[in-house]
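Q: Sharing protein.pdb here; it has PDB, C-alpha atoms, pLDDT in the B column.
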```
MODEL        1
ATOM      1  CA  MET X   1     -22.742 102.705 203.182  1.00 42.00           C
ATOM      2  CA  VAL X   2     -21.917  99.390 201.483  1.00 41.00           C
ATOM      3  CA  PHE X   3     -19.819 100.770 198.602  1.00 40.00           C
ATOM      4  CA  LYS X   4     -18.287 103.767 200.381  1.00 48.00           C
ATOM      5  CA  ARG X   5     -14.501 103.808 200.618  1.00 48.00           C
ATOM      6  CA  ARG X   6     -13.096 103.350 204.110  1.00 57.00           C
ATOM      7  CA  ASP X   7     -10.072 105.497 203.315  1.00 55.00           C
ATOM      8  CA  LYS X   8     -11.176 108.679 201.625  1.00 57.00           C
ATOM      9  CA  ARG X   9      -8.722 109.660 198.883  1.00 50.00           C
ATOM     10  CA  SER X  10      -7.427 113.191 198.493  1.00 54.00           C
ATOM     11  CA  TRP X  11      -7.895 114.923 195.140  1.00 43.00           C
ATOM     12  CA  TRP X  12      -4.214 114.550 194.247  1.00 44.00           C
ATOM     13  CA  LYS X  13      -4.284 110.822 195.077  1.00 50.00           C
ATOM     14  CA  ALA X  14      -7.350 110.388 192.842  1.00 46.00           C
ATOM     15  CA  ALA X  15      -5.523 112.211 190.035  1.00 41.00           C
ATOM     16  CA  VAL X  16      -2.433 109.999 190.435  1.00 43.00           C
ATOM     17  CA  ASP X  17      -4.582 106.845 190.443  1.00 49.00           C
ATOM     18  CA  PHE X  18      -6.262 108.002 187.230  1.00 42.00           C
ATOM     19  CA  VAL X  19      -2.920 108.426 185.455  1.00 43.00           C
ATOM     20  CA  TYR X  20      -1.419 105.278 186.988  1.00 45.00           C
ATOM     21  CA  PRO X  21      -3.899 103.184 189.000  1.00 52.00           C
ATOM     22  CA  LYS X  22      -2.822 101.232 192.062  1.00 57.00           C
ATOM     23  CA  GLY X  23      -1.337  97.961 190.861  1.00 54.00           C
ATOM     24  CA  GLY X  24      -0.612  99.349 187.395  1.00 53.00           C
ATOM     25  CA  TRP X  25      -2.609  99.481 184.176  1.00 48.00           C
ATOM     26  CA  GLY X  26      -2.052  95.769 183.584  1.00 57.00           C
ATOM     27  CA  ARG X  27      -3.995  94.940 186.728  1.00 57.00           C
ATOM     28  CA  ALA X  28      -6.699  97.459 185.802  1.00 54.00           C
ATOM     29  CA  PHE X  29      -7.111  95.873 182.358  1.00 57.00           C
ATOM     30  CA  ARG X  30      -7.294  92.390 183.869  1.00 63.00           C
ATOM     31  CA  TYR X  31     -10.009  93.607 186.242  1.00 59.00           C
ATOM     32  CA  VAL X  32     -12.049  95.051 183.339  1.00 58.00           C
ATOM     33  CA  LYS X  33     -11.576  91.821 181.363  1.00 58.00           C
ATOM     34  CA  HIS X  34     -12.717  89.758 184.372  1.00 62.00           C
ATOM     35  CA  ARG X  35     -15.824  91.912 184.860  1.00 64.00           C
ATOM     36  CA  LEU X  36     -16.721  91.691 181.156  1.00 63.00           C
ATOM     37  CA  HIS X  37     -16.465  87.898 181.183  1.00 60.00           C
ATOM     38  CA  ARG X  38     -18.761  87.619 184.204  1.00 67.00           C
ATOM     39  CA  LEU X  39     -21.600  89.708 182.767  1.00 75.00           C
ATOM     40  CA  PRO X  40     -24.768  87.585 182.413  1.00 76.00           C
ATOM     41  CA  ASP X  41     -25.921  88.761 178.965  1.00 83.00           C
ATOM     42  CA  PRO X  42     -25.319  86.825 175.706  1.00 89.00           C
ATOM     43  CA  PRO X  43     -21.909  87.395 174.067  1.00 90.00           C
ATOM     44  CA  HIS X  44     -23.286  89.470 171.183  1.00 92.00           C
ATOM     45  CA  LYS X  45     -25.053  91.868 173.571  1.00 92.00           C
ATOM     46  CA  ILE X  46     -21.961  92.289 175.740  1.00 90.00           C
ATOM     47  CA  SER X  47     -19.871  92.841 172.607  1.00 92.00           C
ATOM     48  CA  ARG X  48     -22.257  95.546 171.416  1.00 95.00           C
ATOM     49  CA  GLY X  49     -21.618  97.307 174.696  1.00 94.00           C
ATOM     50  CA  ILE X  50     -17.880  96.939 174.124  1.00 93.00           C
ATOM     51  CA  TRP X  51     -18.330  98.447 170.653  1.00 97.00           C
ATOM     52  CA  ALA X  52     -20.154 101.434 172.147  1.00 96.00           C
ATOM     53  CA  GLY X  53     -17.540 102.014 174.842  1.00 95.00           C
ATOM     54  CA  VAL X  54     -14.522 101.730 172.544  1.00 96.00           C
ATOM     55  CA  PHE X  55     -16.107 103.947 169.882  1.00 97.00           C
ATOM     56  CA  THR X  56     -16.852 106.612 172.492  1.00 96.00           C
ATOM     57  CA  THR X  57     -13.155 106.930 173.350  1.00 95.00           C
ATOM     58  CA  PHE X  58     -12.564 108.282 169.835  1.00 96.00           C
ATOM     59  CA  THR X  59     -14.871 111.257 170.464  1.00 94.00           C
ATOM     60  CA  PRO X  60     -13.641 114.573 171.907  1.00 91.00           C
ATOM     61  CA  PHE X  61     -16.401 114.719 174.532  1.00 91.00           C
ATOM     62  CA  TYR X  62     -14.109 114.170 177.514  1.00 86.00           C
ATOM     63  CA  GLY X  63     -16.001 114.004 180.780  1.00 85.00           C
ATOM     64  CA  LEU X  64     -19.099 112.680 179.001  1.00 91.00           C
ATOM     65  CA  HIS X  65     -17.741 109.340 177.770  1.00 93.00           C
ATOM     66  CA  PHE X  66     -19.749 107.295 180.295  1.00 92.00           C
ATOM     67  CA  LEU X  67     -22.989 109.019 179.317  1.00 94.00           C
ATOM     68  CA  ILE X  68     -22.355 108.774 175.563  1.00 95.00           C
ATOM     69  CA  ALA X  69     -21.270 105.115 175.792  1.00 95.00           C
ATOM     70  CA  ALA X  70     -24.423 104.266 177.753  1.00 94.00           C
ATOM     71  CA  LEU X  71     -26.654 106.054 175.222  1.00 96.00           C
ATOM     72  CA  ILE X  72     -25.016 104.291 172.261  1.00 96.00           C
ATOM     73  CA  ALA X  73     -25.329 100.948 174.075  1.00 95.00           C
ATOM     74  CA  VAL X  74     -29.053 101.576 174.617  1.00 95.00           C
ATOM     75  CA  LEU X  75     -29.532 102.417 170.932  1.00 96.00           C
ATOM     76  CA  MET X  76     -27.625  99.272 169.910  1.00 94.00           C
ATOM     77  CA  GLN X  77     -29.379  97.137 172.534  1.00 93.00           C
ATOM     78  CA  GLY X  78     -26.011  96.346 174.046  1.00 92.00           C
ATOM     79  CA  ASN X  79     -24.940  95.784 177.619  1.00 91.00           C
ATOM     80  CA  ILE X  80     -24.592  99.154 179.377  1.00 90.00           C
ATOM     81  CA  ILE X  81     -22.122  97.894 182.001  1.00 88.00           C
ATOM     82  CA  ALA X  82     -19.917  96.515 179.213  1.00 90.00           C
ATOM     83  CA  ALA X  83     -20.082  99.902 177.483  1.00 92.00           C
ATOM     84  CA  LEU X  84     -18.979 101.719 180.644  1.00 89.00           C
ATOM     85  CA  LEU X  85     -16.144  99.268 181.261  1.00 88.00           C
ATOM     86  CA  ALA X  86     -15.004  99.470 177.626  1.00 91.00           C
ATOM     87  CA  THR X  87     -14.470 103.238 177.923  1.00 92.00           C
ATOM     88  CA  PHE X  88     -11.290 102.297 179.814  1.00 87.00           C
ATOM     89  CA  PHE X  89      -9.898 101.608 176.339  1.00 89.00           C
ATOM     90  CA  GLY X  90      -9.328 105.344 176.501  1.00 85.00           C
ATOM     91  CA  ASN X  91      -6.748 106.052 179.196  1.00 82.00           C
ATOM     92  CA  PRO X  92      -3.579 108.151 179.631  1.00 79.00           C
ATOM     93  CA  LEU X  93      -1.658 105.522 177.633  1.00 82.00           C
ATOM     94  CA  THR X  94      -3.961 105.647 174.590  1.00 87.00           C
ATOM     95  CA  TYR X  95      -5.523 109.122 174.544  1.00 86.00           C
ATOM     96  CA  ILE X  96      -2.543 110.764 172.827  1.00 86.00           C
ATOM     97  CA  PRO X  97      -2.328 108.287 169.883  1.00 91.00           C
ATOM     98  CA  ILE X  98      -6.146 108.328 169.601  1.00 93.00           C
ATOM     99  CA  ALA X  99      -6.140 112.144 169.476  1.00 89.00           C
ATOM    100  CA  VAL X 100      -3.347 112.269 166.886  1.00 89.00           C
ATOM    101  CA  VAL X 101      -5.068 109.711 164.626  1.00 92.00           C
ATOM    102  CA  ALA X 102      -8.444 111.449 164.975  1.00 93.00           C
ATOM    103  CA  LEU X 103      -6.987 114.894 164.278  1.00 90.00           C
ATOM    104  CA  LYS X 104      -4.942 113.712 161.295  1.00 90.00           C
ATOM    105  CA  THR X 105      -7.967 111.912 159.828  1.00 94.00           C
ATOM    106  CA  GLY X 106     -10.245 114.879 160.497  1.00 93.00           C
ATOM    107  CA  HIS X 107      -7.958 117.436 158.891  1.00 91.00           C
ATOM    108  CA  TRP X 108      -7.434 115.080 155.952  1.00 92.00           C
ATOM    109  CA  LEU X 109     -11.194 114.687 155.444  1.00 92.00           C
ATOM    110  CA  LEU X 110     -11.718 118.444 155.764  1.00 90.00           C
ATOM    111  CA  GLY X 111      -8.861 119.219 153.377  1.00 89.00           C
ATOM    112  CA  THR X 112      -6.868 121.180 155.952  1.00 84.00           C
ATOM    113  CA  GLU X 113      -3.298 120.875 157.160  1.00 76.00           C
ATOM    114  CA  PHE X 114      -2.250 119.134 160.369  1.00 70.00           C
ATOM    115  CA  GLU X 115       1.227 118.835 161.775  1.00 64.00           C
ATOM    116  CA  VAL X 116       1.539 117.776 165.396  1.00 57.00           C
ATOM    117  CA  ALA X 117       4.557 120.001 166.007  1.00 46.00           C
ATOM    118  CA  ASP X 118       2.786 123.074 164.613  1.00 53.00           C
ATOM    119  CA  GLN X 119      -0.582 122.636 166.303  1.00 58.00           C
ATOM    120  CA  ARG X 120       0.313 124.044 169.740  1.00 67.00           C
ATOM    121  CA  LEU X 121      -2.529 121.953 171.186  1.00 63.00           C
ATOM    122  CA  ASP X 122      -1.672 122.880 174.764  1.00 62.00           C
ATOM    123  CA  GLU X 123      -1.950 126.593 173.946  1.00 70.00           C
ATOM    124  CA  LYS X 124      -5.263 126.107 172.149  1.00 71.00           C
ATOM    125  CA  PHE X 125      -6.712 124.144 175.059  1.00 67.00           C
ATOM    126  CA  ALA X 126      -5.466 126.843 177.450  1.00 73.00           C
ATOM    127  CA  ASP X 127      -6.931 129.640 175.307  1.00 71.00           C
ATOM    128  CA  ALA X 128     -10.291 127.857 175.090  1.00 73.00           C
ATOM    129  CA  TRP X 129     -10.498 127.386 178.869  1.00 71.00           C
ATOM    130  CA  SER X 130      -9.383 130.971 179.390  1.00 77.00           C
ATOM    131  CA  ASP X 131     -12.183 132.209 177.122  1.00 75.00           C
ATOM    132  CA  LEU X 132     -14.735 130.050 178.944  1.00 74.00           C
ATOM    133  CA  TRP X 133     -13.711 131.443 182.312  1.00 77.00           C
ATOM    134  CA  HIS X 134     -13.454 135.033 181.058  1.00 75.00           C
ATOM    135  CA  ASN X 135     -16.860 134.898 179.379  1.00 77.00           C
ATOM    136  CA  PHE X 136     -18.436 133.334 182.450  1.00 74.00           C
ATOM    137  CA  MET X 137     -17.068 136.105 184.653  1.00 79.00           C
ATOM    138  CA  ALA X 138     -18.176 138.692 182.070  1.00 76.00           C
ATOM    139  CA  ILE X 139     -21.763 137.811 182.966  1.00 79.00           C
ATOM    140  CA  PHE X 140     -21.215 139.400 186.381  1.00 79.00           C
ATOM    141  CA  THR X 141     -18.894 142.234 185.333  1.00 80.00           C
ATOM    142  CA  ASP X 142     -18.616 144.904 182.651  1.00 79.00           C
ATOM    143  CA  ASP X 143     -16.075 142.889 180.627  1.00 80.00           C
ATOM    144  CA  VAL X 144     -16.885 142.061 177.008  1.00 79.00           C
ATOM    145  CA  ALA X 145     -17.082 138.373 176.069  1.00 78.00           C
ATOM    146  CA  ASP X 146     -14.301 137.198 173.756  1.00 76.00           C
ATOM    147  CA  TRP X 147     -14.817 133.990 171.756  1.00 77.00           C
ATOM    148  CA  HIS X 148     -11.624 134.060 169.668  1.00 77.00           C
ATOM    149  CA  GLY X 149      -9.785 131.310 171.564  1.00 75.00           C
ATOM    150  CA  LEU X 150     -12.846 129.057 171.580  1.00 77.00           C
ATOM    151  CA  SER X 151     -13.428 129.688 167.890  1.00 83.00           C
ATOM    152  CA  VAL X 152      -9.861 128.679 167.021  1.00 79.00           C
ATOM    153  CA  PHE X 153     -10.104 125.631 169.277  1.00 82.00           C
ATOM    154  CA  PHE X 154     -13.392 124.531 167.666  1.00 85.00           C
ATOM    155  CA  ASP X 155     -12.190 125.043 164.073  1.00 85.00           C
ATOM    156  CA  GLU X 156      -8.709 123.561 164.430  1.00 84.00           C
ATOM    157  CA  VAL X 157      -9.097 120.950 167.200  1.00 86.00           C
ATOM    158  CA  PHE X 158     -12.601 120.005 168.341  1.00 89.00           C
ATOM    159  CA  TYR X 159     -14.412 119.798 164.979  1.00 92.00           C
ATOM    160  CA  PRO X 160     -11.608 117.950 163.106  1.00 93.00           C
ATOM    161  CA  TYR X 161     -11.271 115.610 166.128  1.00 92.00           C
ATOM    162  CA  MET X 162     -15.020 114.905 166.138  1.00 94.00           C
ATOM    163  CA  ILE X 163     -15.150 114.242 162.374  1.00 95.00           C
ATOM    164  CA  GLY X 164     -11.845 112.367 162.245  1.00 95.00           C
ATOM    165  CA  GLY X 165     -12.638 110.110 165.185  1.00 95.00           C
ATOM    166  CA  ILE X 166     -15.644 108.511 163.485  1.00 96.00           C
ATOM    167  CA  LEU X 167     -13.822 106.343 160.914  1.00 96.00           C
ATOM    168  CA  PRO X 168     -10.988 104.996 163.129  1.00 96.00           C
ATOM    169  CA  GLY X 169     -13.516 104.661 165.966  1.00 96.00           C
ATOM    170  CA  ILE X 170     -15.745 102.430 163.839  1.00 97.00           C
ATOM    171  CA  VAL X 171     -12.776 100.348 162.652  1.00 97.00           C
ATOM    172  CA  VAL X 172     -11.227  99.781 166.092  1.00 96.00           C
ATOM    173  CA  SER X 173     -14.542  99.197 167.899  1.00 96.00           C
ATOM    174  CA  SER X 174     -15.640  96.729 165.204  1.00 97.00           C
ATOM    175  CA  ILE X 175     -12.377  94.803 165.585  1.00 96.00           C
ATOM    176  CA  CYS X 176     -12.949  94.691 169.352  1.00 94.00           C
ATOM    177  CA  TYR X 177     -16.511  93.494 168.778  1.00 96.00           C
ATOM    178  CA  TYR X 178     -15.559  90.584 166.516  1.00 95.00           C
ATOM    179  CA  LEU X 179     -12.708  89.585 168.835  1.00 93.00           C
ATOM    180  CA  ALA X 180     -14.902  89.794 171.944  1.00 90.00           C
ATOM    181  CA  VAL X 181     -17.810  87.612 170.733  1.00 92.00           C
ATOM    182  CA  PRO X 182     -15.934  84.256 170.504  1.00 92.00           C
ATOM    183  CA  VAL X 183     -13.783  85.014 173.580  1.00 88.00           C
ATOM    184  CA  ILE X 184     -16.795  85.817 175.774  1.00 87.00           C
ATOM    185  CA  ARG X 185     -18.732  82.831 174.383  1.00 88.00           C
ATOM    186  CA  PHE X 186     -15.797  80.515 175.171  1.00 87.00           C
ATOM    187  CA  TYR X 187     -15.426  81.914 178.685  1.00 83.00           C
ATOM    188  CA  GLN X 188     -19.159  81.673 179.421  1.00 81.00           C
ATOM    189  CA  ASN X 189     -19.335  78.086 178.161  1.00 83.00           C
ATOM    190  CA  ARG X 190     -16.320  77.118 180.226  1.00 81.00           C
ATOM    191  CA  ARG X 191     -17.807  78.808 183.291  1.00 76.00           C
ATOM    192  CA  LYS X 192     -21.129  77.002 182.767  1.00 70.00           C
ATOM    193  CA  GLY X 193     -19.222  73.726 182.494  1.00 73.00           C
ATOM    194  CA  ARG X 194     -17.442  74.363 185.792  1.00 72.00           C
ATOM    195  CA  ILE X 195     -20.734  75.190 187.504  1.00 69.00           C
ATOM    196  CA  LYS X 196     -22.295  71.960 186.175  1.00 71.00           C
ATOM    197  CA  GLU X 197     -19.310  69.975 187.434  1.00 72.00           C
ATOM    198  CA  LYS X 198     -19.616  71.492 190.897  1.00 72.00           C
ATOM    199  CA  LEU X 199     -23.366  70.801 191.000  1.00 70.00           C
ATOM    200  CA  ALA X 200     -22.757  67.216 189.882  1.00 67.00           C
ATOM    201  CA  LYS X 201     -20.161  66.728 192.618  1.00 69.00           C
ATOM    202  CA  LEU X 202     -22.533  68.176 195.224  1.00 70.00           C
ATOM    203  CA  ARG X 203     -25.358  65.864 194.093  1.00 71.00           C
ATOM    204  CA  LYS X 204     -23.000  62.860 194.151  1.00 68.00           C
ATOM    205  CA  LYS X 205     -21.774  63.772 197.625  1.00 68.00           C
ATOM    206  CA  LYS X 206     -25.339  64.178 198.863  1.00 70.00           C
ATOM    207  CA  THR X 207     -26.293  60.800 197.339  1.00 70.00           C
ATOM    208  CA  ASP X 208     -23.291  59.068 198.946  1.00 66.00           C
ATOM    209  CA  GLU X 209     -24.177  60.510 202.341  1.00 67.00           C
ATOM    210  CA  THR X 210     -27.738  59.230 202.143  1.00 64.00           C
TER     211      THR X 210
ENDMDL
END
```
Mind turning this structure into structure tokens?
A:
Amino acid sequence: MVFKRRDKRSWWKAAVDFVYPKGGWGRAFRYVKHRLHRLPDPPHKISRGIWAGVFTTFTPFYGLHFLIAALIAVLMQGNIIAALLATFFGNPLTYIPIAVVALKTGHWLLGTEFEVADQRLDEKFADAWSDLWHNFMAIFTDDVADWHGLSVFFDEVFYPYMIGGILPGIVVSSICYYLAVPVIRFYQNRRKGRIKEKLAKLRKKKTDET
């Protein structure tokens, strides 16, 4: 297949590359920037896709960011590829500050307390996954389903995160949008100019030869 990897990565290598990609995050960001600049759509449409992708990273729907970004891009008539690429705004370097800001904002809006040191987020995530697995296995056994861990996780983490991520998500994605429009327009105009120069040189060379 054309796009199949020649060297199949093991699961642990894929996990390491996700946390720290080959060549570093700087190289990964430059690659995303390069791909965004080369998209054929108008700057405002590409920037709408960027808005959708960046906003999605402020939602707690991990594992579904690509799908959500694509749906938002469709609704906004933005570039879907730009939306998918922009989800890389959320990465192991930014997810923790994004989560803290979203949770603080969410608890503030809901009138509840939030202190990072007192949240025991790792325990709540573990309890939620434990409940999911236990309740799934309870379907096939005589065990009774227990939703306590999931209930605590939803009330104290997921729901405040979902509500609190909206405002900072809109602010940050809007900043990215307004920064992206002139940058992409400049790059596209410069690229068009280079293409015209090359075509002019080719025509001149062809004329000189004849």
Q: Evaluate the PyMOL selection byres ((chain X and resi 45) around 10) here and jot the selected residues down as a PyMOL selection string.
A: chain X and resi 40-44+46-51+73+76-80+82+177+181
Q: Do you know which residues are at most 12 Å from X:Thr59 counting all atoms listed in the file, after dropping those on the same chain fewer than 2 positions away, and could you put them as a JSON list (two decimals) with C-alpha atoms, in the frame of the given file?
A:
```
[["chain", "number", "residue", "atom", "x", "y", "z"],
["X", 52, "ALA", "CA", -20.15, 101.43, 172.15],
["X", 53, "GLY", "CA", -17.54, 102.01, 174.84],
["X", 54, "VAL", "CA", -14.52, 101.73, 172.54],
["X", 55, "PHE", "CA", -16.11, 103.95, 169.88],
["X", 56, "THR", "CA", -16.85, 106.61, 172.49],
["X", 57, "THR", "CA", -13.16, 106.93, 173.35],
["X", 61, "PHE", "CA", -16.40, 114.72, 174.53],
["X", 62, "TYR", "CA", -14.11, 114.17, 177.51],
["X", 63, "GLY", "CA", -16.00, 114.00, 180.78],
["X", 64, "LEU", "CA", -19.10, 112.68, 179.00],
["X", 65, "HIS", "CA", -17.74, 109.34, 177.77],
["X", 66, "PHE", "CA", -19.75, 107.30, 180.30],
["X", 68, "ILE", "CA", -22.36, 108.77, 175.56],
["X", 69, "ALA", "CA", -21.27, 105.12, 175.79],
["X", 87, "THR", "CA", -14.47, 103.24, 177.92],
["X", 90, "GLY", "CA", -9.33, 105.34, 176.50],
["X", 95, "TYR", "CA", -5.52, 109.12, 174.54],
["X", 98, "ILE", "CA", -6.15, 108.33, 169.60],
["X", 99, "ALA", "CA", -6.14, 112.14, 169.48],
["X", 101, "VAL", "CA", -5.07, 109.71, 164.63],
["X", 102, "ALA", "CA", -8.44, 111.45, 164.98],
["X", 103, "LEU", "CA", -6.99, 114.89, 164.28],
["X", 106, "GLY", "CA", -10.24, 114.88, 160.50],
["X", 157, "VAL", "CA", -9.10, 120.95, 167.20],
["X", 158, "PHE", "CA", -12.60, 120.00, 168.34],
["X", 159, "TYR", "CA", -14.41, 119.80, 164.98],
["X", 160, "PRO", "CA", -11.61, 117.95, 163.11],
["X", 161, "TYR", "CA", -11.27, 115.61, 166.13],
["X", 162, "MET", "CA", -15.02, 114.90, 166.14],
["X", 163, "ILE", "CA", -15.15, 114.24, 162.37],
["X", 164, "GLY", "CA", -11.84, 112.37, 162.24],
["X", 165, "GLY", "CA", -12.64, 110.11, 165.18],
["X", 166, "ILE", "CA", -15.64, 108.51, 163.49],
["X", 167, "LEU", "CA", -13.82, 106.34, 160.91],
["X", 168, "PRO", "CA", -10.99, 105.00, 163.13],
["X", 169, "GLY", "CA", -13.52, 104.66, 165.97],
["X", 170, "ILE", "CA", -15.74, 102.43, 163.84]]
```
Q: Carefully work through the PyMOL selection byres ((chain X and resi 141-156) around 8) for this structure and note down the residues it includes, as a list in words.
A: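 Residues picked by the PyMOL selection byres ((chain X and resi 141-156) around 8): Lys124, Phe125, Asp127, Ala128, Trp129, Ser130, Asp131, Leu132, His134, Asn135, Met137, Ala138, Ile139, Phe140, Val157, Phe158, Tyr159 and Pro160 of chain X.
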Q: Would you compute the distance between atom CA of X:Arg203 and atom CA of X:Arg191? Give it in Å to one decimal.
A: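 Taking atom CA of X:Arg203 as the start and atom CA of X:Arg191 as the end point, the length is 18.5 Å.
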Q: What gap, in Å, lies between atom CA of X:Lys104 and atom CA of X:Cys176?
A: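 So the answer is 22.2 Å.
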Q: Grab the atom CA of X:Ser174 to atom CA of X:Phe88 distance for me, in Å with one decimal place.
A: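 Those two atoms sit 16.2 Å apart.
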Q: Centre and edge lengths of an axis-aligned box around all listed atoms of stretch 89-97 of chain X, with 5 Å added on each side, are to be given in Å to one decimal, as JSON.
A:
```
{"center_x": -5.8, "center_y": 106.2, "center_z": 174.8, "size_x": 18.2, "size_y": 19.2, "size_z": 19.7}
```
Q: With a cut-off of 12 Å, could you pull out the residues of stretch 105-192 of chain X touching stretch 196-200 of chain X and give me the nearest pair of atoms for each, distance in Å to one decimal, using only C-alpha atoms, ordered by chain and ascending number, as a Markdown table?
A:
```
| residue | atom | partner | partner_atom | distance |
| --- | --- | --- | --- | --- |
| X:Asn189 | CA | X:Lys196 | CA | 10.5 |
| X:Arg190 | CA | X:Lys196 | CA | 9.9 |
| X:Arg191 | CA | X:Lys196 | CA | 8.7 |
| X:Lys192 | CA | X:Lys196 | CA | 6.2 |
```
